[in-house]
Amino acid sequence: MEIISSWVGNIPDLAVPFALAALGLIVTERAGVLALGAEGLMLVGALFGVGGYLLFDSTGIALLLAMLAASGVSILFAVMVLVLRINQVIAGLALVFFCQGLTALLGILFGWASHPVSGFEAWTLWPLSELPIVGRLFIQNPVVYLTPLIFFAVAIYLNHSMSGLKLRAVGENPQAADAAGIPVLTYRFAAILAGAALIGLAGAYISVLSTKMWIEDMTGGRGWIAVALVIFARWSPWRAFAGAILFGSIEALIPQLAAAGVRLPQYFVFMTPYVVTLAVMIWVALPKRDQNKPDQKNQPDALGEPFIREERR
Amino acid sequence: MSLKNALQLDRVSKSFDGFKALSDASFTARWGEVHALLGENGAGKSSLMNIAAGLYAPEAGALFIDDNPVRLTGPRDAMRQGIGMVHQHFKLVSPFTVAQNILLSMNQSALRGFYDHKLAKVSQAISQKSEELGFGIDPRTRTDRLSVAEQQRVEILKVLLAGAKILILDEPTAVLTDDESNRLLTTVKALATRGAAVILVTHKMHDVMRYADQVTIMRGGKTVATLAPQSVDLSKLVKLTVGDTDSARSVSEPHIRGAARLVITDLSSAQTTTQASNGVLRGVNLTLHSGEIYGIAGVGGNGQTELANALMGFGAPTCGDMLLDGQTQLQSLTPTERRAQGIAAIPADRYGAALAAPLSVADNYAMGQIHSGRYGSFGWLNSRKIAADTTKAIEAFDVQGVRSIHQKAALLSGGNAQKLVIAREFNHPPAIVFAHSPSRGLDVRAMGAIHARLHAARAAGAAVLLISEDLDEVLALADRIGVMSSGRIVVEFNQPADRQAIGQAMVHHV
């Protein structure tokens, strides 16, 4: 019983980074930009979160700075794919490797590595926190409670606002959007920056609130899992939320199993999230019975395609 | 009763890359009328209407709305002036609903409230308008679940709800079945009766005769006549559209029509879900002999592209027979076997299907002989031989503008790209030639050179099948002419053929 309760209590802390990173990717990709750089942007967020805390001694400012830093770096990506129309896959991969090097370098240069930070105090939501088994779900830091609200806001924005409709139009059929007078590149630029901010927040969550320090390459592939999660969620925020909880649960289960005396090789444990990712991807790719229903195909039609206005001869 | 002028274009000119698409074209549409704009492909209809819709800026001439001169800065400006154009290619975001699509293109500042409120308002307006016009469109349906005809209705609703009073429809019936066409044109006519000005761009005589109050005929970038279609008979319209220039028929050098090489029987497209009546094959029958040029004439979109795809092996699903020399099915041949049989193909899409545009001129030339191993084998390429042969070929076939044989094929102009294709396809004397619109967009000189090549192939005993939407080209080259309409060869003519009769056959396809 204690094992289950402590497992459940650990899920949010591991699910939130997946959830926020996936949400950021969804915002960018619904506008038709394939964003593979999440891993790199998470590292930028993680580093500048810790840096912000060490400089300003405030967790709130630290998180804001992390979001700004990730957005700032994503401008580079935006210019590459929107202005120079570099292949989005290549640009995304390049961004990851660039950010890995950059954060490792800056961490040492500014002396931000291996300094512990204190993060937020946990908020106890009494009396929910007294519930059996799930009680520990309600003793969490504020960002955990904020995450569903952010999802709610983004889902409302995407599906119930004029601007969200335009953003989706840009991702589905930029030519039609252009004909309707929507500034395609402006929307894509904004979507890249906003998505990067959320991904940066996901990274800062890991360093400032979860691990409570900066370690080189500390995101450990979570950005890649988020990319897979978005495909699994078929670009829907709420499905991504559910998927993040699933992945968080699996990651939280591993230390519990070890504590319960189940002996697992260390590297098998490290491998598990990726095995699950592969399994999920294969499951998604398997032909479904009702594949012909257009609802099944949720990938934005123009994902990864650069926009070039049809020449007006 | 005299009707007021709605839209007037006065002596408008426009050229593209030195080609004069419009010269002093004048056109007046009046309120309460359906005004047809009739002409062959490339007569300038679409260019003229794109100027009216603000897409192109005219080089000379003026535009009047309600007899007031206006200058359009772009399509949005045209929309503000009440001019709405429904293009041939729809601009719909497919997973969105009808209402979302229409909301996107509307002037949102005119609608107050939150998104959901706006959507409800637009939905209501759509339902109302749709009912008024008998369109039967549910605003909540996703547009990718709609048929082509329904999508077109959505596009029409879009421009009407955006406040268009002058409605331009560009070839609206090209994608519709006859039933759907009649329904659409009846609706359009009703719109005009209620006071709108409707401009119908078309090349279908029957649509004009039945539904238009006025017709303006264009030929070669000029407006040649405006008249009431009821006041003249069909043959007069045909004459005005195709012109009565009796093109200098080439006196073909003596040649002997040989044995039948290719016999096509009942060639049909596999049944597809598309409801369009055009653009599918429905039982093509023809026999191609060696030593002759068989020309296929017809208005574009009557199955010529599908026939060309079937012949050239672009994998159009078909049933029926294409029997080569009475024994081999053409469909079963691989590209290598086709080459070995001496089949040369000149597709209509030069850069898309005939050439690999980013590769060099030499590579493009050498591609034709991959199967023979002439330029090397699997692991080895004889680039010196390729270079020598290419240099010889571009000289022999007069391919101009080649600064180096290593330059990209994409840099060649249309005519020279086509010459390069022909140089490759004819580098061994071909036995069978399939050519689809081989001289489209070419200047007179390049066209002459390509025609000469086809004649030479025939003289050497090749069987040549020429598919072209340019009637002059078919008349100038072909020994026999088949007119294609609604997916079949409706009638065959032997040379010398009567141009008027062919023109009649081309449009008489109801």
# chains A, B, ... in the order shown; residues from 1 in each chain; ligands from 1

call {"tool": "residues_around", "arguments": {"residues": "Val275 in chain A", "least_positions_apart": "5", "cutoff": "12 Å", "atoms": "only C-alpha atoms", "output": "ChimeraX atom specification"}}
result
/A:225,228,247,250-251,267-270,280-282

call {"tool": "closest_atom_pairs", "arguments": {"of": "chain A", "to": "chain B", "cutoff": "9 Å", "atoms": "only C-alpha atoms", "output": "Markdown table"}}
result
| residue | atom | partner | partner_atom | distance |
| --- | --- | --- | --- | --- |
| A:His160 | CA | B:Tyr115 | CA | 6.0 |
| A:Ser161 | CA | B:Tyr115 | CA | 5.0 |
| A:Met162 | CA | B:Tyr115 | CA | 5.5 |
| A:Ser163 | CA | B:Tyr115 | CA | 8.9 |
| A:Leu165 | CA | B:Leu104 | CA | 7.6 |
| A:Lys166 | CA | B:Leu104 | CA | 7.0 |
| A:Ala169 | CA | B:Val93 | CA | 6.3 |
| A:Val170 | CA | B:Val93 | CA | 9.0 |
| A:Glu172 | CA | B:Val93 | CA | 6.3 |
| A:Asn173 | CA | B:Val93 | CA | 5.5 |
| A:Pro174 | CA | B:Val93 | CA | 8.6 |
| A:Gln175 | CA | B:Lys91 | CA | 7.4 |
| A:Ala176 | CA | B:Lys91 | CA | 4.7 |
| A:Ala177 | CA | B:Val93 | CA | 7.8 |
| A:Ala179 | CA | B:Lys91 | CA | 7.4 |
| A:Ala180 | CA | B:Ser105 | CA | 4.5 |
| A:Gly181 | CA | B:Ser105 | CA | 7.2 |
| A:Ile182 | CA | B:Leu104 | CA | 8.5 |
| A:Pro294 | CA | B:Asp144 | CA | 8.0 |
| A:Asp295 | CA | B:Pro95 | CA | 8.3 |
| A:Asn298 | CA | B:Pro95 | CA | 8.6 |
| A:Asp301 | CA | B:Ser94 | CA | 8.7 |
| A:Arg312 | CA | B:Tyr56 | CA | 7.5 |
| A:Arg313 | CA | B:Phe16 | CA | 7.1 |

call {"tool": "select_by_dssp", "arguments": {"residues": "range 156-212 of chain B", "states": "strand (DSSP E)", "output": "list of chain:residue names"}}
result
B:Ile166, B:Leu167, B:Ile168, B:Leu169, B:Asp170, B:Ala197, B:Val198, B:Ile199, B:Leu200, B:Val201, B:Thr202

call {"tool": "residues_around", "arguments": {"residues": "Val44 in chain A", "least_positions_apart": "4", "cutoff": "8 Å", "atoms": "only C-alpha atoms", "output": "list in words"}}
result
Gly40, Phe48, Ala66, Ala69, Ala70, Cys99, Thr103, Gly200 and Gly203 of chain A

call {"tool": "residues_around", "arguments": {"residues": "range 231-235 of chain A", "least_positions_apart": "3", "cutoff": "8 Å", "atoms": "only C-alpha atoms", "output": "PyMOL selection string"}}
result
chain A and resi 26+29-30+227-228+238-240+243+280-281+284+297-299

call {"tool": "closest_atom_pairs", "arguments": {"of": "range 82-142 of chain B", "to": "range 191-202 of chain B", "cutoff": "10 Å", "atoms": "only C-alpha atoms", "output": "JSON lines"}}
result
{"residue": "B:Ile83", "atom": "CA", "partner": "B:Ala197", "partner_atom": "CA", "distance": 9.5}
{"residue": "B:Gly84", "atom": "CA", "partner": "B:Val198", "partner_atom": "CA", "distance": 9.8}
{"residue": "B:Met85", "atom": "CA", "partner": "B:Ile199", "partner_atom": "CA", "distance": 9.2}
{"residue": "B:Leu133", "atom": "CA", "partner": "B:Leu191", "partner_atom": "CA", "distance": 8.4}

call {"tool": "write_last_selection", "arguments": {"atoms": "N, CA, C and O atoms", "output": "mmCIF file, in the first residue's frame"}}
result
data_model
loop_
_atom_site.group_PDB
_atom_site.id
_atom_site.type_symbol
_atom_site.label_atom_id
_atom_site.label_comp_id
_atom_site.auth_asym_id
_atom_site.auth_seq_id
_atom_site.Cartn_x
_atom_site.Cartn_y
_atom_site.Cartn_z
ATOM 1 N N ILE B 83 -16.322 42.435 -55.719
ATOM 2 C CA ILE B 83 -15.996 41.474 -56.767
ATOM 3 C C ILE B 83 -15.484 40.192 -56.112
ATOM 4 O O ILE B 83 -14.503 40.217 -55.379
ATOM 5 N N GLY B 84 -16.161 39.094 -56.342
ATOM 6 C CA GLY B 84 -15.733 37.826 -55.762
ATOM 7 C C GLY B 84 -15.486 36.812 -56.858
ATOM 8 O O GLY B 84 -16.286 36.678 -57.781
ATOM 9 N N MET B 85 -14.340 36.108 -56.769
ATOM 10 C CA MET B 85 -14.015 35.142 -57.821
ATOM 11 C C MET B 85 -13.915 33.746 -57.226
ATOM 12 O O MET B 85 -13.279 33.543 -56.193
ATOM 13 N N LEU B 133 -30.562 29.260 -51.787
ATOM 14 C CA LEU B 133 -30.064 28.866 -53.102
ATOM 15 C C LEU B 133 -30.283 27.384 -53.382
ATOM 16 O O LEU B 133 -29.910 26.886 -54.430
#

call {"tool": "select_by_dssp", "arguments": {"residues": "range 82-228 of chain A", "states": "alpha helix (DSSP H)", "output": "MDAnalysis selection string"}}
result
chainID A and resid 88:109 142:160 162:172 174:179 184:204 222:228

call {"tool": "residues_around", "arguments": {"residues": "Ala91 in chain A", "least_positions_apart": "6", "cutoff": "10 Å", "atoms": "only C-alpha atoms", "output": "ChimeraX atom specification"}}
result
/A:34-37,76-78,80-81,85

call {"tool": "write_last_selection", "arguments": {"atoms": "N, CA and C atoms", "output": "CSV table (one decimal), in the first residue's frame"}}
result
chain,number,residue,atom,x,y,z
A,34,LEU,N,7.5,21.6,-38.1
A,34,LEU,CA,8.0,20.4,-37.4
A,34,LEU,C,9.1,20.7,-36.4
A,35,ALA,N,8.8,20.5,-35.1
A,35,ALA,CA,9.8,21.0,-34.1
A,35,ALA,C,10.5,19.8,-33.5
A,36,LEU,N,11.6,19.4,-33.9
A,36,LEU,CA,12.4,18.3,-33.4
A,36,LEU,C,13.4,18.8,-32.3
A,37,GLY,N,13.4,20.1,-32.1
A,37,GLY,CA,14.5,20.6,-31.3
A,37,GLY,C,14.1,20.7,-29.8
A,76,LEU,N,16.5,31.6,-33.5
A,76,LEU,CA,17.4,31.0,-34.5
A,76,LEU,C,16.8,30.0,-35.4
A,77,PHE,N,16.1,29.0,-34.7
A,77,PHE,CA,15.4,28.0,-35.5
A,77,PHE,C,14.3,28.6,-36.4
A,78,ALA,N,13.6,29.6,-35.9
A,78,ALA,CA,12.5,30.2,-36.7
A,78,ALA,C,13.1,30.9,-38.0
A,80,MET,N,15.9,30.1,-39.4
A,80,MET,CA,16.4,29.0,-40.3
A,80,MET,C,15.2,28.4,-41.2
A,81,VAL,N,14.1,28.1,-40.5
A,81,VAL,CA,13.1,27.3,-41.2
A,81,VAL,C,12.1,28.2,-41.9
A,85,ARG,N,14.2,28.8,-45.1
A,85,ARG,CA,13.5,27.6,-45.6
A,85,ARG,C,14.5,26.4,-45.6

call {"tool": "closest_residue", "arguments": {"among": "B:Ala459, B:Leu465, B:Ala6, B:Ile65", "to": "Ile256 in chain B", "atoms": "only C-alpha atoms"}}
result
B:Ala459

call {"tool": "closest_residue", "arguments": {"among": "A:Met1, A:Leu128, A:Ala94, A:Val208", "to": "Gln256 in chain A", "atoms": "only C-alpha atoms"}}
result
A:Met1
